[in-house]
Structures are given as structure tokens and as C-alpha cells.
Protein chains: 2
Amino acid sequence: MDIKYAILGLLSWRELSGYDLKKMMQDSELFYWSGNNNQIYSTLVHLHHEGLVDVQLQPQEHLPIRKLYSLTIEGKDALKHWLISEPQLPQLRKTFLIQLAWSIDLSHQEIDNLLATYENEVRLRLVMLKEQLKRGTLINPARNPREKYVWSMIWDNYMQSYQAELEWASKLRRNLPE
Amino acid sequence: MDIKYAILGLLSWRELSGYDLKKMMQDSELFYWSGNNNQIYSTLVHLHHEGLVDVQLQPQEHLPIRKLYSLTIEGKDALKHWLISEPQLPQLRKTFLIQLAWSIDLSHQEIDNLLATYENEVRLRLVMLKEQLKRGTLINPARNPREKYVWSMIWDNYMQSYQAELEWASKLRRNLPE
DNA sequence: AAGGACATGTAACACGTTACATGATTTT
DNA sequence: AAAATCATGTAACGTGTTACATGTCCTT
């Protein structure tokens, strides 16, 4: 349950509501749960049961009560414990490779089209990432040189992955036997 | 439901049982369902309902009946239709990046350890892939130059991804501010 | 008039993983 | 004696996505 630790991490910066978390996670490559309502709200309830977060209720006029979550001591410990735990390998699910594998009986033209479409999608993703980075709409804290450096490397990691995918596709198109 | 098309693809080569499919998919990077029993057997039932596969029963002594599945015309069409459909972007779930992001408050030593452990895991994965490739335990058909080339590029793609991950981690370790 | 921001939440479904159950035969 | 191979399948659970429901205020 990785979303649990992602939430603990974000809460370690400052107290947040479920809605805040949703906004921070949505459209984020890093928080790949895509701002999923369901998982965020139920994980928060779960974390509260476990005693890893506290809730502070903020009544508002004309709006539902805002529930501000913050880490408890136990929450901070749980996060710290996870941080030094065994890292996981990235999960690379590349459905396109399966599609490509069985496309070899299509015409050269059709395969080339397929690869071109793939390239375009990847390129678009890359451009969007760069754009988000430039506009500062990505989470990108820089309270000290180390934090700044690490976060720049995090976004680099994704850009590098997509860039490599582009070059791979381009090479494949150039060298595909007739 | 991508496993559906992965199964149709494999069946397009030759008729196979659920057990055969399971063996082909397990420990495979490409077929990331990890040889999952449950999904394979139920997808086969589903495909049969849809009329995309035929079943041929093979009674055996001392063993359960073997069910050999093969593609129907409709199955071949469904596969072909999927092949020329819109490619999907790869799904890159890199939990380690989240872990790293909140590790910046650990000691330099601890972060370095974390990165070293990550590198080792990735390196191991890379070595295993290369080993599997050398031993021919990966699915790697080469009935013609194009098929041979495409499959070599498929496995290259994964090796490239892991290689890039290694270089990224190494760079991070070298440049991490104190 | 329509849609988005704010803020909570639930329902339904789809996808994925692990473990179990059966039971003979063969290998370690 | 234990474990793997062959071959089917189910149960239980965990994770992830989409859509819906409520209701006010503000912007287009």
C-alpha cells in the first residue's frame, strides 16, 4: 500500500485535507493514483484508525466541514521507518511492446504508423512534463540545495524514461526490416 | 483488459492450454501479470464465451483433462483489430522516487545506502534479464528477420530502461549535496 | 445557462496477487 | 521424505479507475 506512505509524506510537510491531497496527486506522474478520490479518502480514514494521523475539523459556511489531517508522532515514525526500508524496483508496464510484438505481420506501412503514433504520444507526454516543470505546476520543493537537487532528479528520471522511449522507437523505425 | 490480447497473441502462434500460458507468462517482464493463475483461467473462459477461442479437450490418464485453446476466425479478427488500435503510453510506477523524495532529511550516509541498495536491485534485475536472454529462456521468436529484430528490440527496451535507472542513481549518488 | 472550484463521500466495477485445493508421477 | 511437474480451478483479498451524489459560490 504505497499510497499510504505517499500521503504520510505529503502530510509531513503540512496539514492537508483529502481535497488538498487529491489536487496535489492528480495529473502527477509521481503519484500515479491519479488523484483517485476513493483511495485517498479511505486511506485517510484508515490512517486515522491506525493512529498515524490526527484530524482537525473546520466548519465552514455553505461548504462541507473541512477535515485537516496532520501526522501524529506514530505517523512520523511510520514514515521514517518506510523511508529506510528496502526500495522497490520500478514497475514498467509497457503494453505497447506486446502490441508491437504481434504487429510484425502487418504491412511495413502499418507498423511504421503504429510506431509514429506511439512516438507522438510519448513526445506529447514529454512536452507536457517539461511545460509543467517550467510553469511550476509540479510539486517541486527546494527548501535547501539537497531537496532542490533530489526533486530535479526525480523529474529528470521521468523525462529521461520518455526520452529513451522516443529514441528507441525512432531507431526501430529506421532499422525495421522490410 | 490487456491480458486478453496477450493471450490472443500467444494463441495465434499455436494452440495452448492455460497451464502453457501460465508457464510462458511467469517471470516475464513483458507479460507482467506474472503467470497469474486466476486471471489466465478466467480470461480463457471469458474468451470462449465471446467466441474468440475454441477448446479441444484432451483426456489424460492420471491427470486432469487438458484443455487446448485455439483462435477462432473472430479471435484472429479481434487480435488484428487491437494491433492497429491506439498504442498506450507505458505505465511507469516508480515508488522508489517517492521514497527518495522524503529521504532528504536522513543522513547523507543513509541516503547513499538507500541508493546503493536500489542500484543493486536494478543491477540484479538487469543481470537476470541478460542471463535469460543468453540462455534463451525468454520468449524470443525469430522466424524471419523482422520478427527477430523486433523481439531483440523489445528486450533491449527493458534493458535500456534498467540501464538508464542505474546511471541515474549513480549520478545522484555522486552529486548529492551534503 | 453552463461549468468549475470547493469539499465530502459512496458504489460499482476492473484488475492483480497470493494462497489454497486436488492428486498422480517424477525428481532431488 | 520432500519437492517439483503436470493440470485444473476457486477464494479471499488488495489495489485502481470511473462515475455518481450533495450543494454553494464564482466565473465564463
# chains A, B, ... in the order shown; residues from 1 in each chain; ligands from 1
>>> calpha_fit_and_write(fixed="chain A", moving="chain B", output="mmCIF file with C-alpha atoms, in the first residue's frame")
data_model
loop_
_atom_site.group_PDB
_atom_site.id
_atom_site.type_symbol
_atom_site.label_atom_id
_atom_site.label_comp_id
_atom_site.auth_asym_id
_atom_site.auth_seq_id
_atom_site.Cartn_x
_atom_site.Cartn_y
_atom_site.Cartn_z
ATOM 1 C CA MET B 1 -0.022 0.018 0.024
ATOM 2 C CA ASP B 2 2.200 2.764 -1.289
ATOM 3 C CA ILE B 3 -0.427 5.493 -1.389
ATOM 4 C CA LYS B 4 -0.402 5.338 2.381
ATOM 5 C CA TYR B 5 3.210 6.439 2.525
ATOM 6 C CA ALA B 6 2.761 9.018 -0.207
ATOM 7 C CA ILE B 7 0.049 10.594 1.955
ATOM 8 C CA LEU B 8 2.180 10.414 5.087
ATOM 9 C CA GLY B 9 4.974 12.103 3.145
ATOM 10 C CA LEU B 10 2.803 14.952 1.934
ATOM 11 C CA LEU B 11 1.343 15.419 5.423
ATOM 12 C CA SER B 12 4.860 15.616 6.846
ATOM 13 C CA TRP B 13 5.192 18.971 5.092
ATOM 14 C CA ARG B 14 1.994 20.492 6.385
ATOM 15 C CA GLU B 15 -1.547 19.582 7.390
ATOM 16 C CA LEU B 16 -3.821 18.906 4.450
ATOM 17 C CA SER B 17 -7.383 17.906 3.664
ATOM 18 C CA GLY B 18 -8.384 14.993 1.449
ATOM 19 C CA TYR B 19 -9.276 17.513 -1.189
ATOM 20 C CA ASP B 20 -5.823 19.105 -0.980
ATOM 21 C CA LEU B 21 -4.201 15.700 -1.390
ATOM 22 C CA LYS B 22 -6.400 14.931 -4.348
ATOM 23 C CA LYS B 23 -5.350 18.128 -6.091
ATOM 24 C CA MET B 24 -1.678 17.502 -5.396
ATOM 25 C CA MET B 25 -1.812 13.976 -6.738
ATOM 26 C CA GLN B 26 -3.967 14.443 -9.777
ATOM 27 C CA ASP B 27 -2.195 14.555 -13.111
ATOM 28 C CA SER B 28 0.995 13.656 -11.308
ATOM 29 C CA GLU B 29 3.319 11.118 -12.830
ATOM 30 C CA LEU B 30 4.921 10.507 -9.466
ATOM 31 C CA PHE B 31 1.681 9.965 -7.533
ATOM 32 C CA TYR B 32 0.331 7.593 -10.081
ATOM 33 C CA TRP B 33 -3.009 7.076 -8.334
ATOM 34 C CA SER B 34 -4.228 9.956 -10.453
ATOM 35 C CA GLY B 35 -5.889 11.853 -7.646
ATOM 36 C CA ASN B 36 -8.210 8.933 -7.043
ATOM 37 C CA ASN B 37 -10.912 10.126 -4.652
ATOM 38 C CA ASN B 38 -11.838 6.774 -3.349
ATOM 39 C CA GLN B 39 -8.410 5.648 -2.311
ATOM 40 C CA ILE B 40 -7.402 8.965 -0.775
ATOM 41 C CA TYR B 41 -10.451 9.352 1.446
ATOM 42 C CA SER B 42 -10.493 5.751 2.577
ATOM 43 C CA THR B 43 -6.758 5.704 3.213
ATOM 44 C CA LEU B 44 -7.156 8.783 5.428
ATOM 45 C CA VAL B 45 -9.840 7.020 7.463
ATOM 46 C CA HIS B 46 -7.577 4.010 7.695
ATOM 47 C CA LEU B 47 -4.593 6.091 8.803
ATOM 48 C CA HIS B 48 -6.737 7.725 11.452
ATOM 49 C CA HIS B 49 -7.787 4.326 12.771
ATOM 50 C CA GLU B 50 -4.163 3.320 12.951
ATOM 51 C CA GLY B 51 -3.375 6.467 14.892
ATOM 52 C CA LEU B 52 -0.919 7.736 12.309
ATOM 53 C CA VAL B 53 -2.842 10.971 11.663
ATOM 54 C CA ASP B 54 -4.891 13.445 13.674
ATOM 55 C CA VAL B 55 -7.956 15.228 12.325
ATOM 56 C CA GLN B 56 -8.977 18.773 13.007
ATOM 57 C CA LEU B 57 -12.472 19.756 11.908
ATOM 58 C CA GLN B 58 -13.043 23.130 10.331
ATOM 59 C CA PRO B 59 -16.705 24.049 9.977
ATOM 60 C CA GLN B 60 -17.377 26.352 7.044
ATOM 61 C CA GLU B 61 -20.407 28.276 5.882
ATOM 62 C CA HIS B 62 -22.127 26.873 2.806
ATOM 63 C CA LEU B 63 -19.545 24.121 2.476
ATOM 64 C CA PRO B 64 -19.012 20.684 4.015
ATOM 65 C CA ILE B 65 -16.795 20.531 7.073
ATOM 66 C CA ARG B 66 -13.152 20.617 6.116
ATOM 67 C CA LYS B 67 -11.079 17.864 7.685
ATOM 68 C CA LEU B 68 -7.490 18.856 8.188
ATOM 69 C CA TYR B 69 -5.161 15.923 8.688
ATOM 70 C CA SER B 70 -1.777 16.077 10.365
ATOM 71 C CA LEU B 71 0.832 13.492 11.322
ATOM 72 C CA THR B 72 1.011 12.100 14.824
ATOM 73 C CA ILE B 73 4.308 11.024 16.383
ATOM 74 C CA GLU B 74 3.417 7.475 15.357
ATOM 75 C CA GLY B 75 2.772 8.712 11.838
ATOM 76 C CA LYS B 76 6.193 10.344 11.647
ATOM 77 C CA ASP B 77 7.776 7.145 12.906
ATOM 78 C CA ALA B 78 5.896 5.028 10.394
ATOM 79 C CA LEU B 79 7.054 7.304 7.581
ATOM 80 C CA LYS B 80 10.667 7.274 8.756
ATOM 81 C CA HIS B 81 10.580 3.522 9.050
ATOM 82 C CA TRP B 82 9.324 3.177 5.489
ATOM 83 C CA LEU B 83 11.994 5.548 4.192
ATOM 84 C CA ILE B 84 14.828 3.285 5.247
ATOM 85 C CA SER B 85 13.073 0.118 4.109
ATOM 86 C CA GLU B 86 14.031 -1.935 1.059
ATOM 87 C CA PRO B 87 13.485 0.061 -2.164
ATOM 88 C CA GLN B 88 11.168 -1.460 -4.761
ATOM 89 C CA LEU B 89 12.049 -1.967 -8.386
ATOM 90 C CA PRO B 90 10.130 0.254 -10.780
ATOM 91 C CA GLN B 91 7.091 -1.405 -12.329
ATOM 92 C CA LEU B 92 7.360 -1.003 -16.073
ATOM 93 C CA ARG B 93 4.131 -1.935 -17.782
ATOM 94 C CA LYS B 94 4.684 -1.497 -21.469
ATOM 95 C CA THR B 95 1.604 -2.762 -23.227
ATOM 96 C CA PHE B 96 2.817 -1.230 -26.443
ATOM 97 C CA LEU B 97 5.596 -3.794 -26.628
ATOM 98 C CA ILE B 98 3.029 -6.592 -26.698
ATOM 99 C CA GLN B 99 1.103 -4.806 -29.396
ATOM 100 C CA LEU B 100 4.263 -4.315 -31.415
ATOM 101 C CA ALA B 101 5.358 -7.909 -30.977
ATOM 102 C CA TRP B 102 2.320 -9.203 -32.825
ATOM 103 C CA SER B 103 2.302 -6.416 -35.389
ATOM 104 C CA ILE B 104 5.096 -7.874 -37.436
ATOM 105 C CA ASP B 105 2.660 -9.438 -39.891
ATOM 106 C CA LEU B 106 1.141 -6.071 -40.708
ATOM 107 C CA SER B 107 2.476 -4.110 -43.660
ATOM 108 C CA HIS B 108 5.642 -2.078 -43.220
ATOM 109 C CA GLN B 109 3.490 1.010 -43.603
ATOM 110 C CA GLU B 110 1.115 -0.009 -40.820
ATOM 111 C CA ILE B 111 3.910 -0.799 -38.379
ATOM 112 C CA ASP B 112 5.553 2.498 -39.199
ATOM 113 C CA ASN B 113 2.245 4.250 -38.490
ATOM 114 C CA LEU B 114 1.942 2.450 -35.200
ATOM 115 C CA LEU B 115 5.430 3.478 -34.161
ATOM 116 C CA ALA B 116 4.833 7.030 -35.308
ATOM 117 C CA THR B 117 1.668 7.229 -33.228
ATOM 118 C CA TYR B 118 3.504 5.856 -30.237
ATOM 119 C CA GLU B 119 6.289 8.386 -30.710
ATOM 120 C CA ASN B 120 3.785 11.198 -30.872
ATOM 121 C CA GLU B 121 2.083 10.150 -27.676
ATOM 122 C CA VAL B 122 5.373 9.825 -25.865
ATOM 123 C CA ARG B 123 6.584 13.144 -27.251
ATOM 124 C CA LEU B 124 3.395 14.823 -26.103
ATOM 125 C CA ARG B 125 3.819 13.399 -22.616
ATOM 126 C CA LEU B 126 7.401 14.674 -22.561
ATOM 127 C CA VAL B 127 6.414 18.141 -23.739
ATOM 128 C CA MET B 128 3.672 18.333 -21.131
ATOM 129 C CA LEU B 129 6.079 17.325 -18.396
ATOM 130 C CA LYS B 130 8.585 19.966 -19.457
ATOM 131 C CA GLU B 131 5.841 22.533 -19.654
ATOM 132 C CA GLN B 132 4.577 21.651 -16.177
ATOM 133 C CA LEU B 133 8.107 21.895 -14.847
ATOM 134 C CA LYS B 134 8.619 25.307 -16.419
ATOM 135 C CA ARG B 135 5.317 26.620 -15.120
ATOM 136 C CA GLY B 136 6.009 25.253 -11.666
ATOM 137 C CA THR B 137 2.789 23.250 -11.572
ATOM 138 C CA LEU B 138 4.678 20.157 -10.502
ATOM 139 C CA ILE B 139 5.424 19.518 -6.878
ATOM 140 C CA ASN B 140 8.988 20.712 -6.668
ATOM 141 C CA PRO B 141 10.141 21.841 -3.230
ATOM 142 C CA ALA B 142 13.573 23.438 -2.852
ATOM 143 C CA ARG B 143 13.976 24.439 0.777
ATOM 144 C CA ASN B 144 17.659 23.525 0.631
ATOM 145 C CA PRO B 145 20.204 22.482 -2.008
ATOM 146 C CA ARG B 146 19.762 18.805 -1.368
ATOM 147 C CA GLU B 147 15.983 18.914 -1.653
ATOM 148 C CA LYS B 148 16.238 21.006 -4.793
ATOM 149 C CA TYR B 149 18.691 18.598 -6.372
ATOM 150 C CA VAL B 150 16.762 15.466 -5.481
ATOM 151 C CA TRP B 151 13.484 16.790 -6.867
ATOM 152 C CA SER B 152 15.138 17.936 -10.057
ATOM 153 C CA MET B 153 16.495 14.424 -10.428
ATOM 154 C CA ILE B 154 13.053 12.921 -9.796
ATOM 155 C CA TRP B 155 11.520 14.805 -12.694
ATOM 156 C CA ASP B 156 14.630 14.128 -14.773
ATOM 157 C CA ASN B 157 14.065 10.465 -14.213
ATOM 158 C CA TYR B 158 10.680 10.536 -15.931
ATOM 159 C CA MET B 159 11.878 12.776 -18.734
ATOM 160 C CA GLN B 160 14.822 10.498 -19.300
ATOM 161 C CA SER B 161 12.508 7.482 -19.463
ATOM 162 C CA TYR B 162 10.301 9.087 -22.087
ATOM 163 C CA GLN B 163 13.280 10.439 -24.008
ATOM 164 C CA ALA B 164 14.781 6.961 -24.126
ATOM 165 C CA GLU B 165 11.471 5.587 -25.347
ATOM 166 C CA LEU B 166 11.479 8.111 -28.189
ATOM 167 C CA GLU B 167 14.977 7.232 -29.267
ATOM 168 C CA TRP B 168 14.182 3.559 -29.094
ATOM 169 C CA ALA B 169 11.122 3.964 -31.310
ATOM 170 C CA SER B 170 13.011 6.095 -33.764
ATOM 171 C CA LYS B 171 15.781 3.533 -34.051
ATOM 172 C CA LEU B 172 13.237 0.790 -34.569
ATOM 173 C CA ARG B 173 11.566 2.698 -37.380
ATOM 174 C CA ARG B 174 14.856 3.310 -39.132
ATOM 175 C CA ASN B 175 16.007 -0.272 -38.961
ATOM 176 C CA LEU B 176 12.844 -2.315 -39.294
ATOM 177 C CA PRO B 177 13.436 -4.959 -41.968
ATOM 178 C CA GLU B 178 11.060 -4.842 -44.926
#
>>> closest_atom_pairs(of="chain C", to="chain A", cutoff="9 Å", atoms="only C-alpha atoms (C1' of nucleotides)", output="Markdown table")
| residue | atom | partner | partner_atom | distance |
| --- | --- | --- | --- | --- |
| C:DC6 | C1' | A:Leu63 | CA | 7.3 |
| C:DA7 | C1' | A:Pro64 | CA | 5.5 |
| C:DT8 | C1' | A:Pro64 | CA | 6.1 |
| C:DG9 | C1' | A:Tyr41 | CA | 7.8 |
| C:DT10 | C1' | A:Asn38 | CA | 8.4 |
>>> atom_distance(atom1="atom C1' of D:DT28", atom2="atom C1' of C:DA2")
8.5 Å
>>> select_by_dssp(residues="stretch 79-143 of chain A", states="alpha helix (DSSP H)", output="PyMOL selection string")
chain A and resi 79-83+95-101+108-135
>>> atom_distance(atom1="atom C1' of D:DT15", atom2="atom C1' of C:DC13")
12.6 Å
>>> closest_residue(among="D:DG16, D:DC6, D:DC26, D:DA21", to="chain A", atoms="only C-alpha atoms (C1' of nucleotides)")
D:DG16
>>> atom_distance(atom1="atom C1' of D:DA7", atom2="atom C1' of C:DA24")
11.1 Å
>>> select_by_dssp(residues="stretch 25-177 of chain A", states="strand (DSSP E or B)", output="list of chain:residue names")
A:Val53, A:Asp54, A:Val55, A:Gln56, A:Leu57, A:Gln58, A:Pro59, A:Gln60, A:Leu63, A:Pro64, A:Ile65, A:Arg66, A:Lys67, A:Leu68, A:Tyr69, A:Ser70, A:Leu71, A:Gln91, A:Leu92, A:Arg93
>>> decode(residues="stretch 36-177 of chain A", atoms="C-alpha atoms", output="compact mmCIF listing (two decimals), in the first residue's frame")
# COMPACT_ATOMS: atom_id res chain seq x y z
CA ASN A 36 -8.16 8.93 -7.06
CA ASN A 37 -10.87 10.13 -4.68
CA ASN A 38 -11.81 6.77 -3.37
CA GLN A 39 -8.37 5.64 -2.33
CA ILE A 40 -7.38 8.96 -0.80
CA TYR A 41 -10.43 9.34 1.42
CA SER A 42 -10.47 5.73 2.55
CA THR A 43 -6.74 5.71 3.20
CA LEU A 44 -7.16 8.77 5.40
CA VAL A 45 -9.84 7.00 7.43
CA HIS A 46 -7.57 4.01 7.69
CA LEU A 47 -4.58 6.08 8.79
CA HIS A 48 -6.74 7.72 11.42
CA HIS A 49 -7.78 4.31 12.75
CA GLU A 50 -4.16 3.30 12.92
CA GLY A 51 -3.39 6.45 14.86
CA LEU A 52 -0.93 7.73 12.28
CA VAL A 53 -2.85 10.94 11.64
CA ASP A 54 -4.91 13.40 13.65
CA VAL A 55 -7.96 15.20 12.30
CA GLN A 56 -8.97 18.73 12.98
CA LEU A 57 -12.46 19.73 11.88
CA GLN A 58 -13.01 23.12 10.33
CA PRO A 59 -16.68 24.07 9.97
CA GLN A 60 -17.31 26.39 7.07
CA GLU A 61 -20.32 28.32 5.91
CA HIS A 62 -22.06 26.95 2.80
CA LEU A 63 -19.48 24.18 2.46
CA PRO A 64 -18.97 20.71 3.97
CA ILE A 65 -16.76 20.54 7.05
CA ARG A 66 -13.10 20.60 6.11
CA LYS A 67 -11.07 17.84 7.69
CA LEU A 68 -7.49 18.84 8.19
CA TYR A 69 -5.17 15.91 8.68
CA SER A 70 -1.78 16.07 10.35
CA LEU A 71 0.82 13.48 11.31
CA THR A 72 0.99 12.08 14.82
CA ILE A 73 4.28 11.02 16.38
CA GLU A 74 3.41 7.46 15.34
CA GLY A 75 2.76 8.71 11.82
CA LYS A 76 6.16 10.34 11.66
CA ASP A 77 7.77 7.14 12.90
CA ALA A 78 5.89 5.02 10.39
CA LEU A 79 7.05 7.30 7.58
CA LYS A 80 10.65 7.27 8.76
CA HIS A 81 10.57 3.52 9.05
CA TRP A 82 9.34 3.18 5.50
CA LEU A 83 11.99 5.56 4.20
CA ILE A 84 14.82 3.30 5.25
CA SER A 85 13.06 0.12 4.11
CA GLU A 86 14.04 -1.92 1.06
CA PRO A 87 13.47 0.05 -2.16
CA GLN A 88 11.16 -1.45 -4.76
CA LEU A 89 12.04 -1.95 -8.39
CA PRO A 90 10.10 0.25 -10.78
CA GLN A 91 7.09 -1.40 -12.34
CA LEU A 92 7.34 -1.00 -16.08
CA ARG A 93 4.12 -1.94 -17.78
CA LYS A 94 4.68 -1.50 -21.47
CA THR A 95 1.59 -2.77 -23.22
CA PHE A 96 2.80 -1.24 -26.44
CA LEU A 97 5.60 -3.80 -26.62
CA ILE A 98 3.03 -6.61 -26.70
CA GLN A 99 1.10 -4.82 -29.38
CA LEU A 100 4.26 -4.34 -31.40
CA ALA A 101 5.36 -7.94 -30.96
CA TRP A 102 2.34 -9.23 -32.81
CA SER A 103 2.30 -6.43 -35.36
CA ILE A 104 5.11 -7.89 -37.40
CA ASP A 105 2.67 -9.46 -39.87
CA LEU A 106 1.15 -6.10 -40.68
CA SER A 107 2.48 -4.12 -43.63
CA HIS A 108 5.64 -2.08 -43.19
CA GLN A 109 3.48 0.98 -43.60
CA GLU A 110 1.10 -0.03 -40.83
CA ILE A 111 3.91 -0.81 -38.37
CA ASP A 112 5.55 2.48 -39.19
CA ASN A 113 2.25 4.23 -38.49
CA LEU A 114 1.94 2.43 -35.20
CA LEU A 115 5.42 3.47 -34.15
CA ALA A 116 4.84 7.02 -35.30
CA THR A 117 1.66 7.22 -33.23
CA TYR A 118 3.49 5.85 -30.23
CA GLU A 119 6.28 8.37 -30.70
CA ASN A 120 3.77 11.18 -30.86
CA GLU A 121 2.07 10.14 -27.68
CA VAL A 122 5.36 9.84 -25.86
CA ARG A 123 6.57 13.15 -27.23
CA LEU A 124 3.37 14.83 -26.11
CA ARG A 125 3.80 13.42 -22.61
CA LEU A 126 7.38 14.69 -22.55
CA VAL A 127 6.41 18.15 -23.73
CA MET A 128 3.66 18.33 -21.13
CA LEU A 129 6.07 17.34 -18.38
CA LYS A 130 8.57 19.98 -19.45
CA GLU A 131 5.83 22.54 -19.64
CA GLN A 132 4.56 21.66 -16.16
CA LEU A 133 8.09 21.91 -14.84
CA LYS A 134 8.60 25.31 -16.42
CA ARG A 135 5.30 26.62 -15.12
CA GLY A 136 5.99 25.27 -11.67
CA THR A 137 2.76 23.26 -11.57
CA LEU A 138 4.67 20.16 -10.49
CA ILE A 139 5.42 19.52 -6.86
CA ASN A 140 8.99 20.73 -6.66
CA PRO A 141 10.13 21.87 -3.22
CA ALA A 142 13.56 23.46 -2.84
CA ARG A 143 13.97 24.43 0.79
CA ASN A 144 17.64 23.54 0.65
CA PRO A 145 20.20 22.50 -2.00
CA ARG A 146 19.73 18.80 -1.35
CA GLU A 147 15.97 18.91 -1.65
CA LYS A 148 16.24 21.03 -4.76
CA TYR A 149 18.68 18.63 -6.35
CA VAL A 150 16.74 15.48 -5.47
CA TRP A 151 13.47 16.81 -6.84
CA SER A 152 15.12 17.97 -10.05
CA MET A 153 16.47 14.44 -10.42
CA ILE A 154 13.04 12.94 -9.78
CA TRP A 155 11.50 14.82 -12.68
CA ASP A 156 14.60 14.15 -14.76
CA ASN A 157 14.05 10.48 -14.20
CA TYR A 158 10.66 10.55 -15.92
CA MET A 159 11.86 12.80 -18.71
CA GLN A 160 14.80 10.52 -19.29
CA SER A 161 12.49 7.50 -19.46
CA TYR A 162 10.28 9.10 -22.06
CA GLN A 163 13.25 10.45 -23.98
CA ALA A 164 14.76 6.97 -24.11
CA GLU A 165 11.46 5.59 -25.34
CA LEU A 166 11.46 8.13 -28.17
CA GLU A 167 14.96 7.25 -29.26
CA TRP A 168 14.16 3.57 -29.08
CA ALA A 169 11.10 3.98 -31.29
CA SER A 170 12.98 6.11 -33.74
CA LYS A 171 15.77 3.54 -34.03
CA LEU A 172 13.23 0.80 -34.55
CA ARG A 173 11.54 2.71 -37.36
CA ARG A 174 14.84 3.33 -39.11
CA ASN A 175 16.00 -0.27 -38.94
CA LEU A 176 12.84 -2.31 -39.27
CA PRO A 177 13.44 -4.96 -41.95
